[in-house]
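Enquirer: What follows is my_file24.cif; its format and atoms are mmCIF, C-alpha atoms.
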data_structure
#
loop_
_atom_site.label_atom_id
_atom_site.label_comp_id
_atom_site.auth_asym_id
_atom_site.auth_seq_id
_atom_site.Cartn_x
_atom_site.Cartn_y
_atom_site.Cartn_z
CA MET A 606 16.78 6.65 -3.63
CA HIS A 607 13.35 5.34 -4.61
CA GLN A 608 10.21 6.60 -2.89
CA LEU A 609 6.83 4.87 -2.94
CA ASN A 610 3.59 6.50 -1.79
CA ILE A 611 0.45 4.73 -0.60
CA VAL A 612 -2.74 6.79 -0.61
CA LEU A 613 -5.92 5.73 1.18
CA VAL A 614 -8.99 7.73 0.23
CA GLU A 615 -11.50 7.74 3.10
CA PRO A 616 -10.52 4.42 4.71
CA GLN A 617 -13.27 2.99 6.92
CA ILE A 618 -11.82 0.00 8.78
CA PRO A 619 -9.08 0.70 11.35
CA GLN A 620 -7.57 -2.78 11.19
CA ASN A 621 -7.00 -2.43 7.43
CA THR A 622 -5.31 0.94 7.86
CA GLY A 623 -3.18 -0.45 10.68
CA ASN A 624 -2.06 -3.37 8.52
CA ILE A 625 -1.30 -0.99 5.66
CA ALA A 626 0.67 1.25 8.01
CA ARG A 627 2.75 -1.75 9.02
CA THR A 628 3.38 -2.61 5.34
CA CYS A 629 4.47 0.99 4.76
CA ALA A 630 6.77 0.92 7.78
CA VAL A 631 8.58 -2.30 6.78
CA THR A 632 8.99 -1.20 3.15
CA GLY A 633 9.74 2.50 3.69
CA ALA A 634 6.67 3.64 1.73
CA ARG A 635 5.03 6.94 2.69
CA LEU A 636 1.40 6.76 3.82
CA HIS A 637 -1.15 9.42 2.85
CA LEU A 638 -4.58 9.35 4.53
CA ILE A 639 -7.46 11.36 3.08
CA ARG A 640 -10.37 12.27 5.34
CA PRO A 641 -13.06 11.61 6.30
CA MET A 642 -12.05 8.31 7.84
CA GLY A 643 -14.31 5.81 9.57
CA PHE A 644 -12.17 5.91 12.74
CA THR A 645 -9.74 8.09 14.64
CA VAL A 646 -6.01 7.55 14.56
CA THR A 647 -6.11 6.86 18.28
CA ASP A 648 -8.39 3.86 17.66
CA LYS A 649 -7.05 0.85 19.60
CA HIS A 650 -7.68 -1.49 16.64
CA LEU A 651 -5.64 0.77 14.36
CA LYS A 652 -2.75 0.86 16.81
CA ARG A 653 -2.88 -2.90 17.44
CA ALA A 654 -2.75 -3.76 13.72
CA GLY A 655 0.24 -1.45 13.20
CA LEU A 656 1.90 -2.81 16.33
CA ASP A 657 4.90 -0.82 17.45
CA TYR A 658 5.77 0.60 14.03
CA TRP A 659 3.90 3.90 14.25
CA ASP A 660 7.08 5.84 15.01
CA LYS A 661 8.66 4.37 11.85
CA LEU A 662 6.00 5.83 9.53
CA ASP A 663 6.10 8.85 7.28
CA ILE A 664 2.40 9.71 7.36
CA THR A 665 0.47 12.74 6.12
CA TYR A 666 -3.22 13.59 6.52
CA TYR A 667 -5.42 15.54 4.08
CA ASP A 668 -8.97 16.87 4.28
CA SER A 669 -9.82 16.06 0.64
CA PHE A 670 -8.52 14.46 -2.52
CA ALA A 671 -8.23 17.96 -4.02
CA GLU A 672 -5.88 18.99 -1.20
CA PHE A 673 -3.85 15.81 -1.62
CA SER A 674 -3.47 16.21 -5.40
CA ALA A 675 -2.57 19.91 -5.10
CA ARG A 676 0.26 19.06 -2.69
CA ASN A 677 1.53 15.91 -4.44
CA PRO A 678 2.25 16.06 -8.15
CA GLY A 679 3.44 12.80 -9.58
CA ALA A 680 2.51 9.56 -11.27
CA TYR A 681 -0.84 8.34 -9.94
CA PHE A 682 -2.08 4.75 -10.18
CA PHE A 683 -5.70 4.18 -9.19
CA PHE A 684 -6.29 0.63 -7.95
CA THR A 685 -9.82 -0.44 -8.75
CA THR A 686 -11.83 -3.53 -9.61
CA LYS A 687 -13.09 -1.44 -12.56
CA GLY A 688 -9.64 -1.02 -14.12
CA ARG A 689 -8.91 -2.30 -17.62
CA LYS A 690 -5.16 -2.83 -17.15
CA VAL A 691 -3.44 -5.38 -14.92
CA HIS A 692 -1.44 -3.85 -12.08
CA SER A 693 1.69 -5.83 -12.94
CA ASP A 694 1.68 -4.47 -16.52
CA ALA A 695 2.03 -0.90 -15.23
CA VAL A 696 5.51 0.58 -14.90
CA TYR A 697 5.88 2.37 -11.56
CA PRO A 698 8.32 5.28 -11.64
CA ASN A 699 10.14 6.66 -8.62
CA ASN A 700 7.77 8.63 -6.38
CA ALA A 701 4.70 6.80 -7.70
CA TYR A 702 1.40 7.20 -5.85
CA LEU A 703 -0.64 4.00 -5.46
CA ILE A 704 -4.17 5.16 -4.67
CA PHE A 705 -6.88 3.04 -3.03
CA GLY A 706 -10.50 3.81 -2.17
CA ARG A 707 -12.89 3.01 0.64
CA GLU A 708 -13.40 -0.63 1.57
CA ASP A 709 -17.14 -0.41 0.89
CA GLN A 710 -17.19 1.76 -2.25
CA GLY A 711 -13.75 1.94 -3.79
CA LEU A 712 -12.70 5.13 -5.56
CA PRO A 713 -15.31 7.54 -6.99
CA GLU A 714 -16.17 6.67 -10.59
CA ASP A 715 -15.79 10.29 -11.75
CA LEU A 716 -12.16 10.17 -10.56
CA LEU A 717 -11.58 6.87 -12.36
CA PHE A 718 -13.26 8.09 -15.56
CA ALA A 719 -11.03 11.17 -15.56
CA HIS A 720 -7.90 8.94 -15.43
CA PRO A 721 -8.59 5.86 -17.58
CA GLU A 722 -4.94 5.10 -18.38
CA GLU A 723 -3.94 5.23 -14.72
CA CYS A 724 -6.59 2.74 -13.52
CA VAL A 725 -5.17 -0.68 -12.73
CA ARG A 726 -6.73 -3.90 -11.52
CA ILE A 727 -5.42 -6.84 -9.54
CA PRO A 728 -6.78 -9.90 -11.37
CA MET A 729 -9.44 -11.91 -9.57
CA ARG A 730 -12.49 -14.02 -10.31
CA ASN A 731 -15.41 -12.07 -11.81
CA GLU A 732 -18.10 -13.47 -9.56
CA LEU A 733 -16.43 -12.11 -6.41
CA ARG A 734 -16.47 -8.46 -5.40
CA SER A 735 -12.91 -7.63 -4.33
CA LEU A 736 -9.83 -8.41 -2.30
CA ASN A 737 -9.33 -7.06 1.19
CA LEU A 738 -7.89 -3.53 1.09
CA SER A 739 -4.76 -4.30 3.11
CA ASN A 740 -4.05 -7.36 0.93
CA SER A 741 -4.46 -5.26 -2.21
CA VAL A 742 -2.05 -2.64 -0.92
CA ALA A 743 0.54 -5.30 -0.06
CA ILE A 744 0.28 -6.83 -3.54
CA ALA A 745 0.68 -3.40 -5.16
CA VAL A 746 3.57 -2.30 -2.94
CA TYR A 747 5.58 -5.44 -3.58
CA GLU A 748 4.99 -5.29 -7.34
CA ALA A 749 6.41 -1.74 -7.45
CA LEU A 750 9.32 -2.77 -5.22
CA ARG A 751 9.97 -5.87 -7.35
CA GLN A 752 10.23 -3.64 -10.43
CA TRP A 753 12.75 -1.50 -8.57
CA ASP A 754 14.73 -4.57 -7.41
CA TYR A 755 13.71 -4.08 -3.74
CA PRO A 756 15.83 -1.00 -2.97
CA ASP A 757 17.03 -0.65 0.62
CA LEU A 758 15.28 -3.86 1.71
CA THR A 759 17.04 -6.80 3.31
CA ARG A 760 16.95 -9.84 1.06
CA THR A 761 18.20 -12.54 3.41
CA GLY A 762 17.17 -13.63 6.87
CA SER A 763 18.88 -15.50 9.64
CA LEU A 764 17.90 -18.22 12.05
CA ARG A 765 18.23 -17.87 15.81
CA ALA A 766 19.54 -21.34 16.60
CA TYR A 767 21.25 -22.17 13.29
CA ARG A 768 23.42 -20.60 10.58
CA TRP A 769 22.80 -20.84 6.88
CA GLU A 770 26.00 -22.25 5.38
CA ASP A 771 25.63 -22.88 1.67
CA THR A 772 23.10 -25.73 1.53
CA ASN A 773 23.85 -27.13 5.02
CA CYS A 774 22.58 -25.83 8.34
CA GLU A 775 24.83 -25.86 11.38
CA GLU A 776 23.54 -25.53 14.94
CA VAL A 777 24.88 -22.40 16.70
#
Spell out the structure here as structure tokens.
Expert:
Amino acid sequence: MHQLNIVLVEPQIPQNTGNIARTCAVTGARLHLIRPMGFTVTDKHLKRAGLDYWDKLDITYYDSFAEFSARNPGAYFFFTTKGRKVHSDAVYPNNAYLIFGREDQGLPEDLLFAHPEECVRIPMRNELRSLNLSNSVAIAVYEALRQWDYPDLTRTGSLRAYRWEDTNCEEV
């Protein structure tokens, strides 16, 4: 069974973290939150963005990046606008850790400099600063899952009032 890990280092905006929590819940990814955070986990905006999926999450909290890394050996991928490699060129092994920084500062440059081969970038126009954090996480999660052929995820949907029958739709 494949396991994907999403790591947020000092997230500041509760709505982003709530959206990311929802992405983790629907994909089965584990969520790791590194303090300090710009909100409390009881924040109403955080809960609203995650909707009713909080009980479906595998979530762990840490007081520092050092504590996180000591407890979680594995393949780390640092998502940053400063990366030299494209995120979709990376090969994500089972139990990969996709690591994201603060919305306002990103990941610390000393951390990035210490791991140049693990820094990846989602392509975007140069004159703009960055993508929204929750959008970046969703892009990264689905690239890793695509490489793994979407393990344990439902591939087809169904309609309420109709049935998919080959290329024709019949009313139920």
Enquirer: Could you tell me, as an MDAnalysis selection string, exactly which residues end up selected when the PyMOL selection byres ((chain A and resi 703-705) around 6) is applied to this structure?
Expert: chainID A and resid 611:613 682:684 702 706
Enquirer: Tell me which of A:Trp659, A:Tyr681, A:His607, A:Ala634 sits closest to A:Ala719, counting only C-alpha atoms.
Expert: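 Smallest separation from A:Ala719 among the options: A:Tyr681.
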Enquirer: Calculated over only C-alpha atoms, which of the candidates A:His637, A:Arg760, A:Lys661, A:Arg726 has the smallest distance to A:Ala745?
Expert: A:Arg726
Enquirer: As JSON, numbers by chain, please: the residues near A:Tyr666 (cut-off 8 Å, all atoms listed in the file, same-chain neighbours under 5 positions excluded).
Expert: {"A": [637, 638, 639, 640]}
Enquirer: Expressed in Å to a single decimal, how great is the separation between atom CA of A:Asn740 and atom CA of A:Ile727?
Expert: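 According to the coordinates, atom CA of A:Asn740 and atom CA of A:Ile727 are separated by 10.6 Å.
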Enquirer: Please compute the atom CA of A:Leu716-atom CA of A:Thr645 distance, one decimal, in Å.
Expert: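 One can read the atom CA of A:Leu716 to atom CA of A:Thr645 distance as 25.4 Å.
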Enquirer: Using all atoms listed in the file, which of A:Glu722, A:Tyr747, A:Thr632, A:Val614 sits nearest A:Ser669?
Expert: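 With all atoms listed in the file as the atom set, the closest residue is A:Val614.
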Enquirer: May I ask which of the residues A:Asn699, A:Gly762, A:Phe670, A:Arg689 is the closest one to A:Leu712, counting all atoms listed in the file?
Expert: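 Of all the options, A:Phe670 lies closest to A:Leu712.
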Enquirer: Run through the PyMOL selection byres ((chain A and resi 623-629) around 12) on the given coordinates and return the selected residues as an NGL selection string.
Expert: :A and (608-613 or 616-622 or 630-638 or 644-665 or 703 or 705 or 737-747 or 750)
Enquirer: Work out how far apart atom CA of A:Thr686 and atom CA of A:Arg707 are and give it in Å to one decimal.
Expert: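 Computing the Euclidean distance for atom CA of A:Thr686 and atom CA of A:Arg707 yields 12.2 Å.
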